[in-house]
$ cat protein-v7.txt   # compact mmCIF, C-alpha atoms
# COMPACT_ATOMS: atom_id res chain seq x y z
CA MET A 1 86.12 99.73 77.89
CA SER A 2 89.31 97.74 77.38
CA GLU A 3 89.88 94.18 76.30
CA GLY A 4 93.30 93.29 77.64
CA ASN A 5 94.99 94.72 74.56
CA GLY A 6 97.53 96.61 76.63
CA ILE A 7 95.96 100.05 76.28
CA ALA A 8 92.82 101.26 78.05
CA GLN A 9 90.03 102.64 75.87
CA PRO A 10 88.01 105.14 77.90
CA PRO A 11 84.64 106.27 76.57
CA SER A 12 84.26 109.88 75.49
CA GLY A 13 81.64 112.40 76.52
CA VAL A 14 80.72 110.67 79.78
CA GLY A 15 82.20 112.97 82.43
CA LEU A 16 84.20 111.92 85.47
CA ASP A 17 81.47 109.68 86.89
CA GLY A 18 81.15 107.89 83.58
CA LEU A 19 84.90 107.41 83.38
CA ALA A 20 84.99 105.97 86.89
CA THR A 21 82.20 103.53 86.03
CA ALA A 22 83.96 102.42 82.86
CA ALA A 23 87.34 102.09 84.59
CA ALA A 24 85.84 99.64 87.08
CA ASP A 25 85.77 97.09 84.25
CA CYS A 26 89.22 97.87 82.82
CA ARG A 27 91.18 94.81 81.73
CA ALA A 28 93.92 96.56 79.76
CA CYS A 29 96.68 94.99 81.86
CA GLU A 30 96.93 92.08 84.27
CA LEU A 31 96.84 94.14 87.46
CA TRP A 32 93.05 94.05 87.66
CA GLU A 33 92.97 90.36 88.51
CA PRO A 34 94.76 90.22 91.89
CA ALA A 35 93.58 93.70 92.91
CA THR A 36 90.38 94.15 94.90
CA GLN A 37 89.04 96.88 92.63
CA THR A 38 89.87 99.83 90.42
CA VAL A 39 90.74 102.93 92.41
CA PHE A 40 89.75 105.94 90.32
CA GLY A 41 90.34 109.61 91.03
CA GLU A 42 88.17 111.65 93.38
CA GLY A 43 87.41 115.32 93.71
CA PRO A 44 85.19 118.07 92.32
CA PRO A 45 84.99 118.59 88.55
CA THR A 46 85.79 122.25 89.22
CA ALA A 47 89.14 121.44 90.86
CA ARG A 48 91.88 123.89 89.94
CA ILE A 49 94.59 121.51 91.08
CA VAL A 50 95.13 117.81 90.37
CA PHE A 51 97.44 115.58 92.40
CA VAL A 52 98.74 112.50 90.61
CA GLY A 53 100.36 109.71 92.60
CA GLU A 54 101.84 106.43 91.48
CA GLN A 55 99.20 103.81 92.25
CA PRO A 56 96.79 102.90 95.06
CA GLY A 57 98.24 101.19 98.11
CA ASP A 58 96.87 98.37 100.22
CA GLN A 59 94.24 100.41 102.07
CA GLU A 60 93.22 102.30 98.94
CA ASP A 61 92.75 99.01 97.11
CA ARG A 62 90.49 97.71 99.86
CA LYS A 63 88.45 100.91 100.25
CA GLY A 64 88.34 101.94 96.59
CA GLU A 65 89.45 105.51 97.31
CA PRO A 66 92.77 107.25 96.55
CA PHE A 67 95.15 108.38 99.31
CA VAL A 68 93.21 107.14 102.34
CA GLY A 69 96.05 105.18 103.95
CA PRO A 70 99.08 106.45 105.89
CA ALA A 71 100.45 108.33 102.86
CA GLY A 72 97.06 109.96 102.39
CA ARG A 73 96.98 111.14 105.98
CA LEU A 74 100.45 112.61 105.62
CA LEU A 75 99.37 114.33 102.41
CA ASP A 76 96.40 115.82 104.27
CA ASP A 77 98.78 117.22 106.88
CA ALA A 78 101.06 118.65 104.19
CA LEU A 79 98.14 120.25 102.36
CA THR A 80 96.98 121.84 105.60
CA GLY A 81 100.48 123.17 106.20
CA ALA A 82 100.54 124.66 102.71
CA GLY A 83 97.08 126.20 103.01
CA ILE A 84 95.43 123.94 100.41
CA ASP A 85 92.00 122.43 101.08
CA ARG A 86 91.93 118.82 99.89
CA ARG A 87 88.23 119.21 99.16
CA ASP A 88 89.15 121.70 96.42
CA ALA A 89 91.57 119.28 94.76
CA TYR A 90 91.18 116.25 92.52
CA ILE A 91 93.40 113.33 93.57
CA THR A 92 94.22 110.37 91.37
CA ASN A 93 97.00 107.98 90.38
CA ALA A 94 98.90 107.21 87.21
CA VAL A 95 97.95 103.53 87.62
CA LYS A 96 94.49 102.63 88.90
CA HIS A 97 95.17 99.13 90.28
CA PHE A 98 97.37 98.08 93.19
CA ARG A 99 100.46 96.16 92.11
CA PHE A 100 101.81 94.01 94.91
CA THR A 101 103.56 90.83 95.91
CA VAL A 102 102.39 88.64 98.79
CA LYS A 103 104.70 87.90 101.71
CA GLY A 104 102.97 85.87 104.36
CA LYS A 105 99.76 87.74 105.18
CA ARG A 106 101.05 91.06 103.86
CA ARG A 107 100.65 92.58 100.42
CA ILE A 108 103.88 94.43 99.60
CA HIS A 109 103.87 97.34 97.16
CA GLN A 110 105.59 96.84 93.82
CA THR A 111 106.39 99.77 91.55
CA PRO A 112 104.27 99.60 88.38
CA GLY A 113 106.15 98.88 85.18
CA ALA A 114 106.24 100.92 82.00
CA GLU A 115 103.62 98.63 80.51
CA HIS A 116 101.21 99.42 83.36
CA LEU A 117 101.75 103.16 83.01
CA ARG A 118 101.18 102.87 79.28
CA ALA A 119 98.03 100.78 79.72
CA CYS A 120 96.52 103.21 82.22
CA ALA A 121 97.62 106.47 80.59
CA PRO A 122 94.36 106.97 78.64
CA TRP A 123 92.38 107.09 81.90
CA LEU A 124 94.62 109.81 83.31
CA ARG A 125 94.56 111.76 80.05
CA SER A 126 90.77 111.60 80.03
CA GLU A 127 90.57 112.84 83.62
CA LEU A 128 92.85 115.78 82.87
CA ALA A 129 91.04 116.64 79.64
CA ILE A 130 87.77 116.96 81.55
CA LEU A 131 89.20 118.82 84.53
CA ARG A 132 91.54 121.21 82.68
CA PRO A 133 93.30 122.12 85.93
CA GLU A 134 95.50 125.14 86.42
CA VAL A 135 98.18 123.12 88.21
CA VAL A 136 99.07 119.43 88.15
CA VAL A 137 101.22 118.06 90.97
CA ALA A 138 103.18 114.88 90.30
CA LEU A 139 103.69 113.06 93.58
CA GLY A 140 106.83 110.97 93.30
CA ALA A 141 109.21 109.84 90.62
CA THR A 142 106.84 107.47 88.82
CA ALA A 143 104.17 110.12 88.30
CA ALA A 144 106.78 112.72 87.31
CA LYS A 145 108.34 110.46 84.72
CA ALA A 146 104.93 109.57 83.32
CA LEU A 147 103.74 113.18 83.11
CA ILE A 148 106.91 115.15 82.41
CA ALA A 149 109.71 113.01 80.98
CA PRO A 150 111.36 109.63 81.67
CA SER A 151 114.58 111.48 82.46
CA PHE A 152 112.99 113.73 85.09
CA ARG A 153 114.72 113.60 88.48
CA ILE A 154 112.79 114.61 91.60
CA THR A 155 116.00 115.28 93.50
CA GLN A 156 117.11 117.86 90.93
CA ASP A 157 113.92 119.59 89.80
CA ARG A 158 111.34 119.25 92.56
CA GLY A 159 109.30 122.24 93.65
CA ARG A 160 109.51 124.10 90.34
CA LEU A 161 106.47 125.21 88.37
CA LEU A 162 106.93 124.17 84.75
CA PRO A 163 104.65 125.10 81.84
CA TRP A 164 102.83 122.01 80.63
CA ASP A 165 100.37 121.18 77.87
CA LEU A 166 97.36 119.10 78.80
CA PRO A 167 97.42 115.79 76.89
CA GLY A 168 94.98 115.70 74.01
CA LEU A 169 94.33 119.44 74.02
CA PRO A 170 95.93 122.14 71.85
CA PRO A 171 98.59 124.22 73.62
CA PRO A 172 97.64 127.75 74.71
CA PRO A 173 98.45 130.49 72.19
CA LEU A 174 101.74 132.33 72.50
CA ALA A 175 101.56 135.83 73.92
CA ASP A 176 102.34 137.47 70.58
CA GLU A 177 99.68 135.36 68.86
CA ALA A 178 96.86 136.35 71.18
CA ASP A 179 94.38 139.00 70.09
CA ASP A 180 93.69 141.27 73.04
CA ASP A 181 90.66 142.79 71.32
CA GLU A 182 88.97 139.45 70.74
CA PRO A 183 89.94 136.95 73.43
CA ASP A 184 89.11 133.35 72.67
CA GLU A 185 87.24 132.10 75.73
CA ALA A 186 87.43 128.53 74.43
CA ALA A 187 91.21 128.59 74.15
CA PRO A 188 93.00 126.58 76.83
CA ALA A 189 94.79 128.51 79.54
CA GLN A 190 98.36 127.70 80.45
CA THR A 191 98.62 124.69 82.73
CA TRP A 192 101.54 124.29 85.11
CA ILE A 193 103.07 121.15 86.54
CA LEU A 194 105.15 120.70 89.67
CA ALA A 195 106.83 117.54 90.89
CA THR A 196 107.50 116.75 94.51
CA THR A 197 108.14 113.81 96.80
CA HIS A 198 105.46 111.17 97.23
CA PRO A 199 104.12 111.18 100.80
CA SER A 200 105.05 107.51 101.15
CA ALA A 201 108.69 108.47 100.56
CA VAL A 202 108.45 110.83 103.53
CA LEU A 203 107.10 107.97 105.64
CA ARG A 204 110.06 105.80 104.62
CA THR A 205 112.57 108.49 105.57
CA PRO A 206 114.62 107.65 108.71
CA ASP A 207 113.19 109.15 111.88
CA GLU A 208 115.93 111.72 112.31
CA ALA A 209 115.33 113.17 108.82
CA ARG A 210 111.56 112.73 108.50
CA ALA A 211 110.58 116.15 109.83
CA ALA A 212 112.86 117.85 107.31
CA ALA A 213 111.46 115.70 104.48
CA PHE A 214 107.92 116.63 105.50
CA ASP A 215 108.82 120.33 105.66
CA ALA A 216 110.32 120.10 102.16
CA LEU A 217 107.05 118.64 100.87
CA VAL A 218 105.08 121.45 102.49
CA THR A 219 107.45 124.00 100.97
CA ASP A 220 106.84 122.56 97.50
CA LEU A 221 103.08 122.64 98.03
CA LYS A 222 103.25 126.27 99.14
CA VAL A 223 104.57 127.04 95.65
CA VAL A 224 101.35 125.53 94.29
CA ALA A 225 99.20 127.46 96.76
CA ALA A 226 100.87 130.71 95.72
CA ALA A 227 100.27 129.95 92.04
CA LEU A 228 96.55 129.46 92.74
CA ALA A 229 96.19 132.58 94.88
$ encode --input "protein-v7.txt" --output "structure tokens"
Amino acid sequence: MSEGNGIAQPPSGVGLDGLATAAADCRACELWEPATQTVFGEGPPTARIVFVGEQPGDQEDRKGEPFVGPAGRLLDDALTGAGIDRRDAYITNAVKHFRFTVKGKRRIHQTPGAEHLRACAPWLRSELAILRPEVVVALGATAAKALIAPSFRITQDRGRLLPWDLPGLPPPPLADEADDDEPDEAAPAQTWILATTHPSAVLRTPDEARAAAFDALVTDLKVVAAALA
């Protein structure tokens, strides 16, 4: 579905399972070669909320599932604290392969570059176009910059619901353009996006401040839970 040309080329009309199958053979950037496998998104096609992280980590790369390592366990705890059932959410990453450097026997995370985000963006756009979620949550600065704007700052604007247009789909009609007598059921509803800290950033927080960082993540996720209520 991609030939190393720098941009992934997902198939159309295949659904989430078809996308995942196609992404397993993605060669749009060089990250596929040292990685164990593609780590695609997981969750029900009816998910009202989509969480987007940066990239899979070491354990995710080995298991082929998103957010199953320490950061995933912390995210599970935060979702529980916010009253969100992970089974009702779709969880994915902006980049589908693990970027790392080897130090001894360890594989150390490396932040994906702009070229990796650009190469992988069509996969994420295709996921979102199929899901049409009500809320998208960007976990961490990399996901927020990819989805919102390169200038977005988590420290300044985290925890705020922002109106957002799904990539590749027409924006929802303005209120004064809508016809109350003849609603268009095919018209897209307004999607919202919220950015918050990546769970791995909470894990890296010094011990004395970690509880507060975790509570701040839960607070942000409670905003999402309230929007879905």
$ atom_distance --input "protein-v7.txt" --atom1 "atom CA of A:Val102" --atom2 "atom CA of A:Ala35"
11.7 Å
$ atom_distance --input "protein-v7.txt" --atom1 "atom CA of A:Pro56" --atom2 "atom CA of A:Pro167"
22.3 Å
$ residues_around --input "protein-v7.txt" --residues "stretch 218-221 of chain A" --least-positions-apart "6" --cutoff "12 Å" --atoms "all atoms listed in the file" --output "number ranges by chain"
A: 49, 51, 74-86, 135-139, 154, 157-161, 193-199, 202, 211-212, 227-228
$ atom_distance --input "protein-v7.txt" --atom1 "atom CA of A:Gln59" --atom2 "atom CA of A:Lys105"
14.2 Å
$ axis_aligned_box --input "protein-v7.txt" --around "stretch 188-201 of chain A" --padding-each-side "4 Å" --output "lines of an AutoDock Vina configuration file"
center_x = 100.8
center_y = 118.0
center_z = 89.0
size_x = 23.7
size_y = 29.0
size_z = 32.3
$ residues_near_point --input "protein-v7.txt" --point "(93.5, 93.5, 86.0)" --cutoff "12 Å" --atoms "only C-alpha atoms" --output "PyMOL selection string"
chain A and resi 2-8+23-39+95-99+116+119-120
$ closest_residue --input "protein-v7.txt" --among "A:Trp164, A:Trp123, A:Phe100, A:Phe152" --to "A:Gly41" --atoms "all atoms listed in the file"
A:Trp123
$ closest_residue --input "protein-v7.txt" --among "A:Pro133, A:Gly140, A:Pro206, A:Pro163" --to "A:Ala47" --atoms "all atoms listed in the file"
A:Pro133
$ decode --input "protein-v7.txt" --residues "stretch 34-66 of chain A" --atoms "N, CA and C atoms" --output "PDB file, in the first residue's frame"
ATOM      1  N   PRO A  34      13.724  -1.639  11.155  1.00  0.00           N
ATOM      2  CA  PRO A  34      14.187  -2.115  12.462  1.00  0.00           C
ATOM      3  C   PRO A  34      13.058  -2.512  13.405  1.00  0.00           C
ATOM      4  N   ALA A  35      11.849  -2.035  13.153  1.00  0.00           N
ATOM      5  CA  ALA A  35      10.724  -2.353  14.038  1.00  0.00           C
ATOM      6  C   ALA A  35      10.309  -3.813  13.883  1.00  0.00           C
ATOM      7  N   THR A  36       9.689  -4.345  14.921  1.00  0.00           N
ATOM      8  CA  THR A  36       9.202  -5.720  14.871  1.00  0.00           C
ATOM      9  C   THR A  36       8.011  -5.847  13.940  1.00  0.00           C
ATOM     10  N   GLN A  37       7.112  -4.860  14.007  1.00  0.00           N
ATOM     11  CA  GLN A  37       5.873  -4.921  13.235  1.00  0.00           C
ATOM     12  C   GLN A  37       5.170  -3.574  13.277  1.00  0.00           C
ATOM     13  N   THR A  38       4.199  -3.420  12.394  1.00  0.00           N
ATOM     14  CA  THR A  38       3.307  -2.267  12.450  1.00  0.00           C
ATOM     15  C   THR A  38       2.376  -2.420  13.645  1.00  0.00           C
ATOM     16  N   VAL A  39       2.171  -1.333  14.362  1.00  0.00           N
ATOM     17  CA  VAL A  39       1.212  -1.340  15.466  1.00  0.00           C
ATOM     18  C   VAL A  39       0.065  -0.415  15.077  1.00  0.00           C
ATOM     19  N   PHE A  40      -1.040  -1.005  14.652  1.00  0.00           N
ATOM     20  CA  PHE A  40      -2.186  -0.228  14.191  1.00  0.00           C
ATOM     21  C   PHE A  40      -3.116   0.055  15.368  1.00  0.00           C
ATOM     22  N   GLY A  41      -4.129   0.878  15.114  1.00  0.00           N
ATOM     23  CA  GLY A  41      -5.084   1.212  16.153  1.00  0.00           C
ATOM     24  C   GLY A  41      -5.990   0.038  16.497  1.00  0.00           C
ATOM     25  N   GLU A  42      -6.593   0.114  17.682  1.00  0.00           N
ATOM     26  CA  GLU A  42      -7.518  -0.918  18.132  1.00  0.00           C
ATOM     27  C   GLU A  42      -8.711  -0.286  18.824  1.00  0.00           C
ATOM     28  N   GLY A  43      -9.854  -0.914  18.646  1.00  0.00           N
ATOM     29  CA  GLY A  43     -11.068  -0.440  19.293  1.00  0.00           C
ATOM     30  C   GLY A  43     -12.272  -0.680  18.400  1.00  0.00           C
ATOM     31  N   PRO A  44     -13.465  -0.478  18.928  1.00  0.00           N
ATOM     32  CA  PRO A  44     -14.674  -0.741  18.157  1.00  0.00           C
ATOM     33  C   PRO A  44     -14.906   0.310  17.078  1.00  0.00           C
ATOM     34  N   PRO A  45     -15.462  -0.081  15.954  1.00  0.00           N
ATOM     35  CA  PRO A  45     -15.753   0.895  14.894  1.00  0.00           C
ATOM     36  C   PRO A  45     -16.835   1.892  15.294  1.00  0.00           C
ATOM     37  N   THR A  46     -17.526   1.615  16.388  1.00  0.00           N
ATOM     38  CA  THR A  46     -18.560   2.526  16.880  1.00  0.00           C
ATOM     39  C   THR A  46     -18.032   3.488  17.942  1.00  0.00           C
ATOM     40  N   ALA A  47     -16.731   3.498  18.164  1.00  0.00           N
ATOM     41  CA  ALA A  47     -16.145   4.329  19.221  1.00  0.00           C
ATOM     42  C   ALA A  47     -16.499   5.800  19.032  1.00  0.00           C
ATOM     43  N   ARG A  48     -16.935   6.434  20.111  1.00  0.00           N
ATOM     44  CA  ARG A  48     -17.252   7.861  20.078  1.00  0.00           C
ATOM     45  C   ARG A  48     -16.030   8.720  20.379  1.00  0.00           C
ATOM     46  N   ILE A  49     -14.995   8.089  20.899  1.00  0.00           N
ATOM     47  CA  ILE A  49     -13.788   8.809  21.276  1.00  0.00           C
ATOM     48  C   ILE A  49     -12.574   8.077  20.725  1.00  0.00           C
ATOM     49  N   VAL A  50     -11.605   8.852  20.217  1.00  0.00           N
ATOM     50  CA  VAL A  50     -10.364   8.294  19.691  1.00  0.00           C
ATOM     51  C   VAL A  50      -9.193   8.942  20.424  1.00  0.00           C
ATOM     52  N   PHE A  51      -8.317   8.109  20.965  1.00  0.00           N
ATOM     53  CA  PHE A  51      -7.093   8.578  21.593  1.00  0.00           C
ATOM     54  C   PHE A  51      -5.944   8.392  20.615  1.00  0.00           C
ATOM     55  N   VAL A  52      -5.168   9.440  20.420  1.00  0.00           N
ATOM     56  CA  VAL A  52      -4.039   9.388  19.490  1.00  0.00           C
ATOM     57  C   VAL A  52      -2.758   9.697  20.260  1.00  0.00           C
ATOM     58  N   GLY A  53      -1.869   8.716  20.336  1.00  0.00           N
ATOM     59  CA  GLY A  53      -0.570   8.918  20.956  1.00  0.00           C
ATOM     60  C   GLY A  53       0.481   9.246  19.916  1.00  0.00           C
ATOM     61  N   GLU A  54       1.719   9.174  20.341  1.00  0.00           N
ATOM     62  CA  GLU A  54       2.833   9.517  19.447  1.00  0.00           C
ATOM     63  C   GLU A  54       3.218   8.343  18.548  1.00  0.00           C
ATOM     64  N   GLN A  55       3.653   7.260  19.162  1.00  0.00           N
ATOM     65  CA  GLN A  55       4.108   6.080  18.442  1.00  0.00           C
ATOM     66  C   GLN A  55       4.105   4.908  19.422  1.00  0.00           C
ATOM     67  N   PRO A  56       4.156   3.678  18.933  1.00  0.00           N
ATOM     68  CA  PRO A  56       4.262   2.541  19.850  1.00  0.00           C
ATOM     69  C   PRO A  56       5.593   2.553  20.572  1.00  0.00           C
ATOM     70  N   GLY A  57       5.606   1.997  21.785  1.00  0.00           N
ATOM     71  CA  GLY A  57       6.839   1.845  22.532  1.00  0.00           C
ATOM     72  C   GLY A  57       7.396   0.447  22.370  1.00  0.00           C
ATOM     73  N   ASP A  58       8.354   0.103  23.204  1.00  0.00           N
ATOM     74  CA  ASP A  58       9.043  -1.174  23.089  1.00  0.00           C
ATOM     75  C   ASP A  58       8.086  -2.351  23.227  1.00  0.00           C
ATOM     76  N   GLN A  59       7.252  -2.344  24.264  1.00  0.00           N
ATOM     77  CA  GLN A  59       6.340  -3.474  24.472  1.00  0.00           C
ATOM     78  C   GLN A  59       5.254  -3.517  23.405  1.00  0.00           C
ATOM     79  N   GLU A  60       4.785  -2.351  22.982  1.00  0.00           N
ATOM     80  CA  GLU A  60       3.775  -2.312  21.920  1.00  0.00           C
ATOM     81  C   GLU A  60       4.329  -2.873  20.622  1.00  0.00           C
ATOM     82  N   ASP A  61       5.584  -2.537  20.337  1.00  0.00           N
ATOM     83  CA  ASP A  61       6.231  -3.042  19.129  1.00  0.00           C
ATOM     84  C   ASP A  61       6.346  -4.563  19.155  1.00  0.00           C
ATOM     85  N   ARG A  62       6.629  -5.110  20.319  1.00  0.00           N
ATOM     86  CA  ARG A  62       6.788  -6.563  20.420  1.00  0.00           C
ATOM     87  C   ARG A  62       5.444  -7.297  20.370  1.00  0.00           C
ATOM     88  N   LYS A  63       4.415  -6.682  20.972  1.00  0.00           N
ATOM     89  CA  LYS A  63       3.110  -7.340  21.058  1.00  0.00           C
ATOM     90  C   LYS A  63       2.182  -6.983  19.901  1.00  0.00           C
ATOM     91  N   GLY A  64       2.471  -5.895  19.200  1.00  0.00           N
ATOM     92  CA  GLY A  64       1.629  -5.497  18.078  1.00  0.00           C
ATOM     93  C   GLY A  64       0.325  -4.849  18.477  1.00  0.00           C
ATOM     94  N   GLU A  65       0.251  -4.299  19.703  1.00  0.00           N
ATOM     95  CA  GLU A  65      -0.960  -3.658  20.188  1.00  0.00           C
ATOM     96  C   GLU A  65      -0.606  -2.302  20.790  1.00  0.00           C
ATOM     97  N   PRO A  66      -1.465  -1.283  20.624  1.00  0.00           N
ATOM     98  CA  PRO A  66      -1.150   0.039  21.159  1.00  0.00           C
ATOM     99  C   PRO A  66      -1.409   0.136  22.660  1.00  0.00           C
TER     100      PRO A  66
END
